[in-house]
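Text of start10.txt, listed as compact mmCIF, C-alpha atoms:
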# COMPACT_ATOMS: atom_id res chain seq x y z
CA MET A 1 22.75 -11.50 10.34
CA GLU A 2 19.89 -12.62 8.19
CA CYS A 3 20.19 -13.54 4.55
CA LEU A 4 17.85 -12.65 1.71
CA LEU A 5 18.72 -13.25 -1.92
CA GLY A 6 16.76 -12.92 -5.11
CA LEU A 7 17.47 -13.53 -8.77
CA VAL A 8 15.41 -13.05 -11.92
CA GLY A 9 15.67 -15.80 -14.51
CA LYS A 10 14.14 -16.29 -17.94
CA ASP A 11 10.55 -16.79 -16.81
CA PHE A 12 10.80 -17.01 -13.04
CA VAL A 13 12.20 -15.35 -9.93
CA ILE A 14 14.07 -17.40 -7.37
CA THR A 15 14.37 -16.19 -3.78
CA VAL A 16 16.46 -17.58 -0.97
CA THR A 17 15.94 -16.88 2.71
CA ASP A 18 17.73 -18.33 5.67
CA THR A 19 15.53 -20.14 8.18
CA SER A 20 17.20 -19.21 11.46
CA ALA A 21 15.35 -17.17 14.05
CA ILE A 22 18.15 -15.48 15.95
CA ARG A 23 17.90 -13.43 19.11
CA SER A 24 21.09 -11.98 20.52
CA ILE A 25 23.61 -14.83 20.46
CA THR A 26 21.03 -17.59 20.53
CA VAL A 27 19.37 -19.43 17.69
CA LEU A 28 15.75 -19.90 18.70
CA LYS A 29 14.53 -21.83 15.72
CA HIS A 30 15.83 -23.51 12.57
CA ASN A 31 12.71 -23.58 10.43
CA GLU A 32 11.42 -20.02 10.43
CA ASP A 33 9.66 -19.01 7.21
CA LYS A 34 10.71 -15.46 6.36
CA THR A 35 8.36 -15.09 3.43
CA ARG A 36 4.70 -14.23 2.95
CA VAL A 37 2.52 -14.77 -0.08
CA LEU A 38 0.94 -11.47 -1.11
CA SER A 39 -1.04 -12.79 -4.05
CA PRO A 40 -0.86 -15.99 -6.12
CA HIS A 41 2.07 -14.59 -8.13
CA THR A 42 3.71 -12.22 -5.64
CA LEU A 43 5.95 -13.16 -2.75
CA ILE A 44 7.84 -11.04 -0.25
CA SER A 45 10.77 -12.15 1.80
CA PHE A 46 11.84 -10.03 4.71
CA SER A 47 14.54 -9.44 7.29
CA GLY A 48 14.98 -6.98 10.12
CA GLU A 49 13.47 -6.44 13.57
CA ALA A 50 11.63 -9.67 14.42
CA GLY A 51 8.26 -8.21 15.39
CA ASP A 52 8.19 -5.49 12.76
CA THR A 53 8.86 -7.78 9.83
CA ILE A 54 6.04 -10.19 10.53
CA ASN A 55 3.63 -7.47 11.56
CA PHE A 56 4.34 -5.42 8.46
CA SER A 57 4.43 -8.26 5.97
CA GLU A 58 1.15 -9.73 7.24
CA TYR A 59 -0.41 -6.27 7.10
CA LEU A 60 0.67 -6.06 3.45
CA GLN A 61 -0.48 -9.58 2.78
CA LYS A 62 -3.98 -9.01 4.14
CA ASN A 63 -4.41 -5.65 2.43
CA ILE A 64 -3.30 -6.97 -0.94
CA GLN A 65 -5.58 -9.97 -0.55
CA LEU A 66 -8.41 -7.62 0.35
CA TYR A 67 -7.71 -5.63 -2.79
CA GLY A 68 -7.88 -8.87 -4.78
CA ILE A 69 -11.25 -9.82 -3.26
CA ARG A 70 -12.77 -6.34 -3.61
CA ASN A 71 -11.71 -5.72 -7.19
CA ASN A 72 -11.60 -9.28 -8.38
CA ILE A 73 -8.20 -8.68 -9.92
CA GLU A 74 -4.75 -9.58 -8.70
CA LEU A 75 -2.43 -6.67 -7.92
CA THR A 76 0.56 -6.81 -10.30
CA PRO A 77 4.02 -7.13 -8.74
CA ALA A 78 4.84 -3.55 -9.79
CA ALA A 79 1.68 -2.21 -8.18
CA ALA A 80 2.27 -4.29 -5.06
CA ALA A 81 5.84 -2.99 -4.83
CA HIS A 82 4.69 0.61 -4.98
CA PHE A 83 1.99 -0.09 -2.41
CA VAL A 84 4.61 -1.58 -0.11
CA ARG A 85 6.92 1.38 -0.62
CA ARG A 86 4.23 3.87 0.16
CA GLU A 87 3.16 2.10 3.35
CA LEU A 88 6.77 1.83 4.46
CA ALA A 89 7.60 5.44 3.54
CA GLU A 90 4.61 6.80 5.42
CA ALA A 91 5.47 4.72 8.48
CA LEU A 92 9.09 5.88 8.28
CA ARG A 93 8.15 9.50 8.97
CA SER A 94 5.81 8.58 11.81
CA ARG A 95 6.43 7.46 15.37
CA ASN A 96 6.15 3.81 14.48
CA ALA A 97 8.51 3.04 11.62
CA TYR A 98 8.97 -0.55 10.56
CA GLN A 99 12.51 -1.87 10.71
CA ALA A 100 12.05 -4.24 7.79
CA ASN A 101 14.03 -4.95 4.64
CA LEU A 102 12.11 -6.61 1.85
CA LEU A 103 12.56 -8.37 -1.45
CA LEU A 104 9.43 -8.56 -3.53
CA SER A 105 9.40 -11.13 -6.29
CA GLY A 106 6.56 -11.56 -8.69
CA TYR A 107 5.41 -12.84 -12.02
CA ASP A 108 3.26 -10.67 -14.24
CA LYS A 109 1.46 -12.42 -17.12
CA LYS A 110 2.25 -9.50 -19.45
CA LYS A 111 5.59 -8.24 -18.19
CA GLY A 112 7.14 -11.46 -16.96
CA PRO A 113 9.19 -11.93 -13.80
CA SER A 114 10.41 -9.05 -11.67
CA LEU A 115 12.29 -8.50 -8.46
CA TYR A 116 12.13 -5.39 -6.27
CA TRP A 117 14.59 -4.42 -3.57
CA ILE A 118 13.11 -2.36 -0.74
CA ASP A 119 15.10 -1.34 2.32
CA HIS A 120 13.88 -0.19 5.73
CA LEU A 121 14.01 3.45 4.54
CA ALA A 122 11.55 2.59 1.76
CA ALA A 123 13.95 2.98 -1.13
CA LEU A 124 12.58 0.93 -3.99
CA VAL A 125 14.53 -0.39 -6.97
CA GLN A 126 13.83 -3.05 -9.53
CA ARG A 127 16.82 -5.31 -9.95
CA PRO A 128 17.82 -8.43 -11.87
CA PHE A 129 19.37 -9.72 -8.64
CA ALA A 130 19.42 -8.38 -5.11
CA ALA A 131 20.44 -9.20 -1.57
CA HIS A 132 19.82 -7.87 1.91
CA GLY A 133 21.95 -8.04 5.00
CA TYR A 134 25.52 -9.16 5.43
CA CYS A 135 25.19 -11.83 2.78
CA GLY A 136 24.88 -9.00 0.26
CA TYR A 137 28.58 -8.32 0.76
CA TYR A 138 29.41 -11.83 -0.42
CA CYS A 139 26.63 -12.60 -2.84
CA THR A 140 26.30 -9.40 -4.89
CA SER A 141 29.85 -9.87 -6.11
CA MET A 142 29.06 -13.49 -6.99
CA PHE A 143 26.02 -12.28 -8.91
CA ASP A 144 28.04 -9.56 -10.64
CA ARG A 145 30.47 -12.20 -11.82
CA TYR A 146 28.18 -15.06 -12.79
CA TYR A 147 24.72 -13.59 -13.47
CA ARG A 148 23.45 -13.50 -17.03
CA PRO A 149 20.02 -12.35 -18.20
CA ASN A 150 17.63 -15.17 -19.24
CA MET A 151 19.13 -17.88 -17.07
CA ASP A 152 17.11 -21.08 -16.89
CA LEU A 153 16.14 -22.64 -13.58
CA GLU A 154 19.06 -25.07 -13.45
CA GLU A 155 21.60 -22.30 -14.10
CA ALA A 156 19.96 -20.10 -11.49
CA LYS A 157 20.03 -22.91 -8.93
CA ASP A 158 23.66 -23.44 -9.75
CA LEU A 159 24.46 -19.79 -9.10
CA ILE A 160 22.49 -19.81 -5.85
CA ARG A 161 24.45 -22.89 -4.77
CA LYS A 162 27.68 -21.00 -5.51
CA CYS A 163 26.47 -18.10 -3.36
CA LEU A 164 25.52 -20.31 -0.43
CA GLN A 165 28.82 -22.14 -0.69
CA GLU A 166 30.59 -18.80 -0.46
CA LEU A 167 28.52 -17.90 2.61
CA HIS A 168 29.37 -21.18 4.31
CA HIS A 169 32.98 -20.66 3.43
CA ARG A 170 33.48 -17.01 4.44
CA PHE A 171 30.61 -15.79 6.60
CA ILE A 172 31.24 -16.04 10.34
CA ILE A 173 27.57 -16.64 11.18
CA ASN A 174 26.40 -20.20 10.79
CA LEU A 175 23.33 -20.36 8.59
CA PRO A 176 22.68 -24.07 8.22
CA ARG A 177 19.37 -24.09 6.34
CA PHE A 178 17.86 -22.04 3.57
CA SER A 179 14.44 -21.98 2.04
CA VAL A 180 14.39 -21.55 -1.73
CA LYS A 181 11.21 -20.43 -3.47
CA VAL A 182 10.38 -19.94 -7.11
CA VAL A 183 7.74 -17.60 -8.49
CA ASP A 184 6.68 -18.24 -12.07
CA LYS A 185 3.57 -18.38 -14.24
CA ASP A 186 2.22 -21.31 -12.22
CA GLY A 187 2.49 -19.47 -8.91
CA ILE A 188 4.79 -19.91 -5.95
CA ARG A 189 6.51 -23.13 -4.95
CA GLU A 190 9.32 -24.19 -2.68
CA ILE A 191 12.14 -26.15 -4.25
CA GLU A 192 15.16 -28.11 -3.09
CA LEU A 193 18.55 -26.99 -4.30
CA MET B 1 24.91 24.52 -16.05
CA VAL B 2 23.74 27.47 -18.11
CA GLY B 3 24.62 27.82 -21.80
CA LYS B 4 23.51 30.10 -24.58
CA ASN B 5 19.73 29.66 -24.75
CA CYS B 6 20.11 26.25 -23.16
CA VAL B 7 20.71 24.56 -19.82
CA ALA B 8 22.22 21.23 -18.95
CA ILE B 9 21.62 19.00 -15.95
CA ALA B 10 23.56 15.85 -15.18
CA SER B 11 23.89 13.23 -12.47
CA ASP B 12 25.60 9.94 -11.77
CA THR B 13 23.48 6.79 -11.58
CA ARG B 14 24.66 4.99 -8.49
CA LEU B 15 22.40 3.93 -5.65
CA GLY B 16 24.18 2.67 -2.59
CA ALA B 17 23.45 1.58 0.94
CA GLN B 18 26.48 3.06 2.67
CA ALA B 19 29.48 1.71 0.82
CA MET B 20 27.61 -1.14 -0.85
CA THR B 21 26.39 -0.40 -4.35
CA VAL B 22 22.83 -1.59 -4.78
CA ASP B 23 21.91 -0.29 -8.21
CA MET B 24 23.97 1.20 -11.05
CA ASN B 25 21.03 2.58 -12.96
CA PHE B 26 19.11 4.72 -10.51
CA PRO B 27 17.64 7.87 -12.08
CA LYS B 28 17.96 11.10 -10.08
CA ILE B 29 16.83 13.58 -12.71
CA PHE B 30 13.18 13.74 -13.62
CA PRO B 31 11.36 15.72 -16.29
CA MET B 32 8.70 17.98 -14.83
CA THR B 33 7.57 19.88 -17.92
CA ASP B 34 8.78 19.93 -21.53
CA HIS B 35 11.46 22.46 -20.64
CA THR B 36 12.11 21.85 -16.96
CA MET B 37 13.85 19.09 -15.09
CA ILE B 38 14.51 18.47 -11.46
CA GLY B 39 17.49 16.64 -10.06
CA LEU B 40 17.32 15.15 -6.57
CA ALA B 41 20.46 14.13 -4.71
CA GLY B 42 20.30 12.48 -1.34
CA LEU B 43 18.41 9.76 0.53
CA ALA B 44 16.88 7.45 -2.08
CA THR B 45 13.53 7.09 -0.34
CA ASP B 46 13.09 10.87 -0.28
CA VAL B 47 14.20 11.12 -3.90
CA LEU B 48 11.30 8.84 -4.81
CA THR B 49 8.82 10.54 -2.48
CA LEU B 50 9.66 14.03 -3.69
CA ARG B 51 9.70 12.97 -7.33
CA ASP B 52 6.11 11.82 -6.94
CA GLN B 53 5.11 14.90 -4.97
CA PHE B 54 6.59 17.36 -7.46
CA LYS B 55 5.08 15.47 -10.39
CA TYR B 56 1.70 15.72 -8.68
CA LYS B 57 2.10 19.43 -7.92
CA VAL B 58 3.26 20.31 -11.42
CA LYS B 59 0.39 18.40 -13.00
CA MET B 60 -2.19 19.97 -10.65
CA TYR B 61 -0.78 23.43 -11.44
CA HIS B 62 -1.12 22.66 -15.12
CA LEU B 63 -4.77 21.64 -14.68
CA LYS B 64 -5.74 24.49 -12.37
CA GLU B 65 -3.92 27.33 -14.10
CA ASP B 66 -4.05 25.97 -17.64
CA ARG B 67 -0.44 26.91 -18.28
CA VAL B 68 2.94 25.27 -17.97
CA MET B 69 4.84 25.83 -14.76
CA ALA B 70 7.92 27.99 -15.22
CA PRO B 71 11.18 26.73 -13.72
CA ARG B 72 11.32 29.75 -11.40
CA THR B 73 7.88 28.84 -10.07
CA LEU B 74 8.91 25.24 -9.64
CA ALA B 75 11.92 26.41 -7.64
CA HIS B 76 9.60 28.11 -5.17
CA VAL B 77 7.32 25.06 -5.05
CA VAL B 78 10.39 22.97 -4.22
CA SER B 79 11.51 25.46 -1.61
CA SER B 80 8.19 25.61 0.21
CA THR B 81 7.68 21.84 -0.01
CA LEU B 82 11.03 21.31 1.70
CA TYR B 83 10.56 24.07 4.26
CA GLU B 84 7.21 22.55 5.30
CA LYS B 85 9.35 19.83 6.86
CA ARG B 86 11.73 22.32 8.50
CA PHE B 87 12.23 20.33 11.69
CA GLY B 88 12.16 16.87 10.20
CA PRO B 89 13.54 17.46 6.76
CA TYR B 90 13.69 15.37 3.61
CA PHE B 91 17.35 14.51 3.17
CA VAL B 92 17.46 15.72 -0.40
CA GLU B 93 19.14 18.59 -2.19
CA PRO B 94 17.31 19.47 -5.39
CA ILE B 95 18.44 21.23 -8.54
CA VAL B 96 15.91 22.83 -10.85
CA ALA B 97 17.03 23.48 -14.41
CA GLY B 98 14.94 24.66 -17.29
CA LEU B 99 13.96 27.24 -19.82
CA ASP B 100 11.16 29.70 -19.27
CA PRO B 101 8.19 28.36 -21.25
CA ARG B 102 7.55 31.71 -22.93
CA THR B 103 10.89 33.55 -23.20
CA HIS B 104 13.15 30.44 -23.23
CA GLU B 105 15.39 32.21 -20.79
CA PRO B 106 17.70 29.71 -19.06
CA PHE B 107 17.14 29.14 -15.36
CA ILE B 108 19.01 27.06 -12.80
CA CYS B 109 18.97 26.94 -9.04
CA CYS B 110 19.56 24.57 -6.20
CA THR B 111 18.32 24.47 -2.64
CA ASP B 112 19.55 22.91 0.56
CA THR B 113 17.60 20.23 2.42
CA ILE B 114 15.25 22.75 4.01
CA GLY B 115 14.57 24.75 0.87
CA CYS B 116 16.88 27.75 0.94
CA ILE B 117 17.16 28.67 -2.74
CA ASP B 118 20.49 29.45 -4.33
CA PHE B 119 19.98 31.14 -7.71
CA ALA B 120 22.94 31.08 -10.07
CA LYS B 121 23.85 32.42 -13.46
CA ASP B 122 26.55 29.87 -14.20
CA PHE B 123 26.33 26.47 -12.47
CA VAL B 124 25.07 24.81 -9.31
CA VAL B 125 26.19 21.56 -7.73
CA VAL B 126 24.70 19.39 -4.98
CA GLY B 127 25.24 15.99 -3.45
CA ASN B 128 28.19 13.89 -2.60
CA ALA B 129 31.04 15.16 -4.76
CA THR B 130 30.37 18.89 -4.44
CA GLU B 131 33.93 19.86 -3.61
CA ASN B 132 35.22 18.10 -6.70
CA LEU B 133 32.38 19.43 -8.82
CA TYR B 134 32.96 23.02 -7.76
CA GLY B 135 36.58 22.71 -8.82
CA MET B 136 35.78 21.11 -12.15
CA CYS B 137 32.96 23.53 -12.99
CA GLU B 138 34.98 26.54 -11.94
CA GLY B 139 37.74 25.40 -14.26
CA LEU B 140 35.73 24.32 -17.30
CA TRP B 141 32.62 26.48 -17.46
CA GLU B 142 32.51 29.60 -19.56
CA PRO B 143 29.60 31.84 -20.56
CA ASN B 144 27.48 31.40 -23.69
CA LEU B 145 28.29 27.80 -24.51
CA GLU B 146 26.35 26.25 -27.39
CA PRO B 147 24.40 23.05 -26.56
CA GLU B 148 27.07 20.64 -27.84
CA ASP B 149 29.87 22.50 -26.03
CA LEU B 150 27.77 22.69 -22.90
CA PHE B 151 27.22 18.94 -23.10
CA GLU B 152 30.96 18.34 -23.33
CA THR B 153 31.69 20.73 -20.46
CA ILE B 154 29.13 19.33 -18.05
CA SER B 155 30.03 15.73 -18.93
CA GLN B 156 33.74 16.24 -18.36
CA ALA B 157 33.09 18.15 -15.14
CA LEU B 158 30.82 15.41 -13.78
CA LEU B 159 32.88 12.40 -14.87
CA ASN B 160 36.14 13.77 -13.53
CA ALA B 161 34.52 14.83 -10.27
CA VAL B 162 32.85 11.48 -9.53
CA ASP B 163 35.95 9.52 -10.46
CA ARG B 164 37.61 11.00 -7.38
CA ASN B 165 34.65 10.19 -5.12
CA ALA B 166 34.20 6.65 -3.85
CA LEU B 167 30.46 7.01 -3.27
CA ALA B 168 29.50 8.43 -6.66
CA GLY B 169 29.75 7.36 -10.27
CA TRP B 170 28.88 4.03 -11.95
CA GLY B 171 27.62 5.76 -15.08
CA ALA B 172 26.12 9.16 -15.67
CA VAL B 173 23.23 10.75 -17.48
CA VAL B 174 23.22 14.20 -19.07
CA HIS B 175 20.23 16.20 -20.29
CA VAL B 176 20.69 19.33 -22.39
CA ILE B 177 17.49 21.35 -22.58
CA THR B 178 17.16 23.57 -25.66
CA PRO B 179 14.04 25.43 -26.82
CA GLU B 180 13.49 22.80 -29.54
CA ARG B 181 14.19 19.59 -27.67
CA VAL B 182 15.82 17.82 -24.78
CA ILE B 183 18.98 15.92 -25.65
CA THR B 184 19.52 13.01 -23.27
CA ARG B 185 22.70 10.99 -23.29
CA ASN B 186 23.90 8.19 -21.04
CA LEU B 187 27.61 8.28 -20.33
CA LYS B 188 29.84 5.36 -19.56
CA ALA B 189 32.00 5.98 -16.54
CA ARG B 190 34.62 4.14 -14.57
CA CYS B 191 32.93 1.30 -12.74
CA ASP B 192 35.45 0.52 -10.04
Can you give me the file's structure in the form of structure tokens?
Amino acid sequence: MECLLGLVGKDFVITVTDTSAIRSITVLKHNEDKTRVLSPHTLISFSGEAGDTINFSEYLQKNIQLYGIRNNIELTPAAAAHFVRRELAEALRSRNAYQANLLLSGYDKKKGPSLYWIDHLAALVQRPFAAHGYCGYYCTSMFDRYYRPNMDLEEAKDLIRKCLQELHHRFIINLPRFSVKVVDKDGIREIEL
Amino acid sequence: MVGKNCVAIASDTRLGAQAMTVDMNFPKIFPMTDHTMIGLAGLATDVLTLRDQFKYKVKMYHLKEDRVMAPRTLAHVVSSTLYEKRFGPYFVEPIVAGLDPRTHEPFICCTDTIGCIDFAKDFVVVGNATENLYGMCEGLWEPNLEPEDLFETISQALLNAVDRNALAGWGAVVHVITPERVITRNLKARCD
């Protein structure tokens, strides 16, 4: 029921997460933040089993921060993505697997922006755009139709607006609020659409 | 597929979560040595895990033994790696294709998810569209094909097989391994 979207633009990655905490048929909360900052230029957004997602993403967050402190160098988004995959893959074949789907967005000073799609089975792919959950059924086709490489921020926001409009129009679940975050060379910031 | 002093290995490039296509450019064939490649069909997470494991094992073999791993050896490495997880298997069916590093004798084989090796002199198929692939290969393959003819044969077999399978396709990649070089070509396929 949750919605995660991500899109790589010219020099930034934009990620969208819904802000509803849902349990069974009840909405518990309308301002849940489903993202964690891994390092100044790496952000993960997550969906899945409520406890697992937060537990796992904070575990990643603290370990990546620890790496940064110990080695005095920020883990690149690619390295962070592979670290995440490994942790998730090892947990998958143990008794306590994490039921968490992730999108990792990051900005590397040398390689530019990147977006990684990681599902709860620890399959990892780098994508220009990606989605998790039911909204993927609606939004990936919107992306396929309207996405172009090297979009600027305004164009990307426009496309995201189109996606959310489609969700409001067609998706049976009511997702009233979304949090939109941008990762670029200056770090991570939340923006209004 | 085996040719005359050459082998070919090919795969589609789709990655999907059930019926939803996630990526149209997901590699499933990985070079292990100059003359050997491994193709992994199945659960994407295990494809990535096993790719890394086999890379590690092949490199360690190279360092320890100071010689290149032969495809036949790699097949047994693959088999034992998979059988180690007999009661909680990796959901992957591998194909090993290559030329012997010394004799350049062609070698292909595939295994099931728990590492039972199937050696073949002609062709092996694994994955989602096996029924279609068996039919196509049975119809098109003939012995002693030259590299270019082998390329055409394997490409036609793969493309026509995945076009009749809803869960496969979205592009294809073909590698033809000859003693001199590896010819890699990306094929356009139906994307619908």
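A cut-off of 7 Å from the point (7.4, 26.3, -17.2), with all atoms listed in the file, picks out the residues Thr33, His35, Thr36, Val68, Met69, Ala70, Pro71, Asp100 and Pro101 of chain B.
When all atoms listed in the file are used to compute distances to B:Gly127, the closest of the residues B:Pro179, B:Pro89, B:Gly115, B:Gly42 turns out to be B:Gly42.
All of the residues in chain B within 10 Å of chain A are Leu15, Ala17, Met20, Thr21, Val22, Asp23, Met24, Asn25, Phe26, Leu43, Ala44, Thr45, Asp46, Val47, Leu48, Thr49, Gly88, Pro89 and Tyr90 of chain B, where all atoms listed in the file were counted.
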At a cut-off of 9 Å, using only C-alpha atoms, what residues contact stretch 92-99 of chain B? Leave out same-chain residues fewer than 5 positions from it and give the result as number ranges by chain. B: 1-2, 5-9, 29, 33-44, 46-47, 50, 70-72, 74-75, 78, 82, 104-115, 124-127, 177-179
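Closest approach to B:Lys28 among B:Val173, B:Phe119, B:Arg181, B:Val77: B:Val173, based on all atoms listed in the file.
Excluding A:Glu58 itself and same-chain residues fewer than 6 positions from it, the residues having an atom within 12 Å of it are A:Lys34, A:Thr35, A:Arg36, A:Val37, A:Leu38, A:Ser39, A:Leu43, A:Ile44, A:Ser45, A:Phe46, A:Gly51, A:Asp52, A:Ile64, A:Gln65, A:Leu66, A:Val84, counting all atoms listed in the file.
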Under the rule that only C-alpha atoms are counted, which of A:Ile188, A:Ala91, A:Ile173, A:Leu193 is the nearest residue to A:Tyr134? A:Ile173
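Proximity ranking of A:Lys29, A:Arg170, A:Val180, A:Cys135 relative to A:Lys157 places A:Val180 first, based on only C-alpha atoms.
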Find the residues around A:Tyr147 up to 10 Å (all atoms listed in the file counted), leave out those fewer than 3 positions away in its own chain, and share them as JSON, numbers by chain. {"A": [7, 8, 9, 128, 129, 140, 141, 142, 143, 144, 150, 151, 155, 156, 159]}
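Comparing the minimum interatomic distances between B:Lys59 and each of B:Met136, B:Asn128, B:His76, B:Met32, counting all atoms listed in the file, we find that B:Met32 sits nearest.
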Can you list, as an MDAnalysis selection string, every protein, DNA or RNA residue that comes within 12 Å of A:Phe178 when you count all atoms listed in the file, leaving out same-chain residues fewer than 3 positions away? chainID A and resid 2:5 15:21 30:35 160:161 163:165 167:168 174:175 181 190:193
Okay, now the selection with C-alpha atoms, as a PDB file, in the coordinates of the input?
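Dumped to result.pdb:
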ATOM      1  CA  GLU A   2      19.890 -12.620   8.190  1.00  0.00           C
ATOM      2  CA  CYS A   3      20.190 -13.540   4.550  1.00  0.00           C
ATOM      3  CA  LEU A   4      17.850 -12.650   1.710  1.00  0.00           C
ATOM      4  CA  LEU A   5      18.720 -13.250  -1.920  1.00  0.00           C
ATOM      5  CA  THR A  15      14.370 -16.190  -3.780  1.00  0.00           C
ATOM      6  CA  VAL A  16      16.460 -17.580  -0.970  1.00  0.00           C
ATOM      7  CA  THR A  17      15.940 -16.880   2.710  1.00  0.00           C
ATOM      8  CA  ASP A  18      17.730 -18.330   5.670  1.00  0.00           C
ATOM      9  CA  THR A  19      15.530 -20.140   8.180  1.00  0.00           C
ATOM     10  CA  SER A  20      17.200 -19.210  11.460  1.00  0.00           C
ATOM     11  CA  ALA A  21      15.350 -17.170  14.050  1.00  0.00           C
ATOM     12  CA  HIS A  30      15.830 -23.510  12.570  1.00  0.00           C
ATOM     13  CA  ASN A  31      12.710 -23.580  10.430  1.00  0.00           C
ATOM     14  CA  GLU A  32      11.420 -20.020  10.430  1.00  0.00           C
ATOM     15  CA  ASP A  33       9.660 -19.010   7.210  1.00  0.00           C
ATOM     16  CA  LYS A  34      10.710 -15.460   6.360  1.00  0.00           C
ATOM     17  CA  THR A  35       8.360 -15.090   3.430  1.00  0.00           C
ATOM     18  CA  ILE A 160      22.490 -19.810  -5.850  1.00  0.00           C
ATOM     19  CA  ARG A 161      24.450 -22.890  -4.770  1.00  0.00           C
ATOM     20  CA  CYS A 163      26.470 -18.100  -3.360  1.00  0.00           C
ATOM     21  CA  LEU A 164      25.520 -20.310  -0.430  1.00  0.00           C
ATOM     22  CA  GLN A 165      28.820 -22.140  -0.690  1.00  0.00           C
ATOM     23  CA  LEU A 167      28.520 -17.900   2.610  1.00  0.00           C
ATOM     24  CA  HIS A 168      29.370 -21.180   4.310  1.00  0.00           C
ATOM     25  CA  ASN A 174      26.400 -20.200  10.790  1.00  0.00           C
ATOM     26  CA  LEU A 175      23.330 -20.360   8.590  1.00  0.00           C
ATOM     27  CA  LYS A 181      11.210 -20.430  -3.470  1.00  0.00           C
ATOM     28  CA  GLU A 190       9.320 -24.190  -2.680  1.00  0.00           C
ATOM     29  CA  ILE A 191      12.140 -26.150  -4.250  1.00  0.00           C
ATOM     30  CA  GLU A 192      15.160 -28.110  -3.090  1.00  0.00           C
ATOM     31  CA  LEU A 193      18.550 -26.990  -4.300  1.00  0.00           C
TER      32      LEU A 193
END
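For the pair atom CA of B:Gly139 and atom CA of B:Leu187, the interatomic distance is 20.8 Å.
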Could you tell me how far atom CA of B:Gly169 sits from atom CA of B:Asp12, in Å to one decimal place? 5.1 Å
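Relative to atom CA of B:Gln156, atom CA of B:Ala129 is found at 13.9 Å.
Comparing the minimum interatomic distances between B:Asp192 and each of B:His62, B:Arg14, B:Lys55, B:Lys85, counting only C-alpha atoms, we find that B:Arg14 sits nearest.
Around B:Leu159, within 12 Å and counting all atoms listed in the file, the residues found are Ala10, Ser11, Asp12, Thr13, Ala129, Asn132, Leu133, Met136, Cys137, Phe151, Glu152, Thr153, Asn165, Ala168, Gly169, Trp170, Gly171, Ala172, Val173, Val174, Asn186, Leu187, Lys188, Ala189, Arg190 and Cys191 of chain B, once anything fewer than 6 positions away on its own chain is removed.
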Filled-in N, CA, C and O atoms of stretch 155-164 of chain A, supplied as a PDB file, in the coordinates of the input:
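Now in out-v4.pdb:
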ATOM      1  N   GLU A 155      20.467 -23.231 -14.210  1.00  0.00           N
ATOM      2  CA  GLU A 155      21.600 -22.300 -14.100  1.00  0.00           C
ATOM      3  C   GLU A 155      21.456 -21.411 -12.881  1.00  0.00           C
ATOM      4  O   GLU A 155      22.424 -21.141 -12.170  1.00  0.00           O
ATOM      5  N   ALA A 156      20.206 -20.964 -12.642  1.00  0.00           N
ATOM      6  CA  ALA A 156      19.960 -20.100 -11.490  1.00  0.00           C
ATOM      7  C   ALA A 156      20.245 -20.848 -10.194  1.00  0.00           C
ATOM      8  O   ALA A 156      20.884 -20.321  -9.280  1.00  0.00           O
ATOM      9  N   LYS A 157      19.780 -22.105 -10.138  1.00  0.00           N
ATOM     10  CA  LYS A 157      20.030 -22.910  -8.930  1.00  0.00           C
ATOM     11  C   LYS A 157      21.515 -23.100  -8.707  1.00  0.00           C
ATOM     12  O   LYS A 157      22.007 -23.068  -7.585  1.00  0.00           O
ATOM     13  N   ASP A 158      22.215 -23.279  -9.810  1.00  0.00           N
ATOM     14  CA  ASP A 158      23.660 -23.440  -9.750  1.00  0.00           C
ATOM     15  C   ASP A 158      24.332 -22.207  -9.135  1.00  0.00           C
ATOM     16  O   ASP A 158      25.202 -22.319  -8.267  1.00  0.00           O
ATOM     17  N   LEU A 159      23.891 -21.045  -9.598  1.00  0.00           N
ATOM     18  CA  LEU A 159      24.460 -19.790  -9.100  1.00  0.00           C
ATOM     19  C   LEU A 159      24.131 -19.587  -7.621  1.00  0.00           C
ATOM     20  O   LEU A 159      24.989 -19.172  -6.832  1.00  0.00           O
ATOM     21  N   ILE A 160      22.883 -19.922  -7.253  1.00  0.00           N
ATOM     22  CA  ILE A 160      22.490 -19.810  -5.850  1.00  0.00           C
ATOM     23  C   ILE A 160      23.366 -20.730  -4.991  1.00  0.00           C
ATOM     24  O   ILE A 160      23.845 -20.347  -3.923  1.00  0.00           O
ATOM     25  N   ARG A 161      23.597 -21.948  -5.502  1.00  0.00           N
ATOM     26  CA  ARG A 161      24.450 -22.890  -4.770  1.00  0.00           C
ATOM     27  C   ARG A 161      25.843 -22.287  -4.560  1.00  0.00           C
ATOM     28  O   ARG A 161      26.415 -22.388  -3.483  1.00  0.00           O
ATOM     29  N   LYS A 162      26.360 -21.651  -5.611  1.00  0.00           N
ATOM     30  CA  LYS A 162      27.680 -21.000  -5.510  1.00  0.00           C
ATOM     31  C   LYS A 162      27.673 -19.955  -4.402  1.00  0.00           C
ATOM     32  O   LYS A 162      28.603 -19.852  -3.614  1.00  0.00           O
ATOM     33  N   CYS A 163      26.575 -19.161  -4.366  1.00  0.00           N
ATOM     34  CA  CYS A 163      26.470 -18.100  -3.360  1.00  0.00           C
ATOM     35  C   CYS A 163      26.466 -18.685  -1.954  1.00  0.00           C
ATOM     36  O   CYS A 163      27.163 -18.208  -1.061  1.00  0.00           O
ATOM     37  N   LEU A 164      25.646 -19.736  -1.764  1.00  0.00           N
ATOM     38  CA  LEU A 164      25.520 -20.310  -0.430  1.00  0.00           C
ATOM     39  C   LEU A 164      26.830 -20.968   0.002  1.00  0.00           C
ATOM     40  O   LEU A 164      27.215 -20.889   1.174  1.00  0.00           O
TER      41      LEU A 164
END
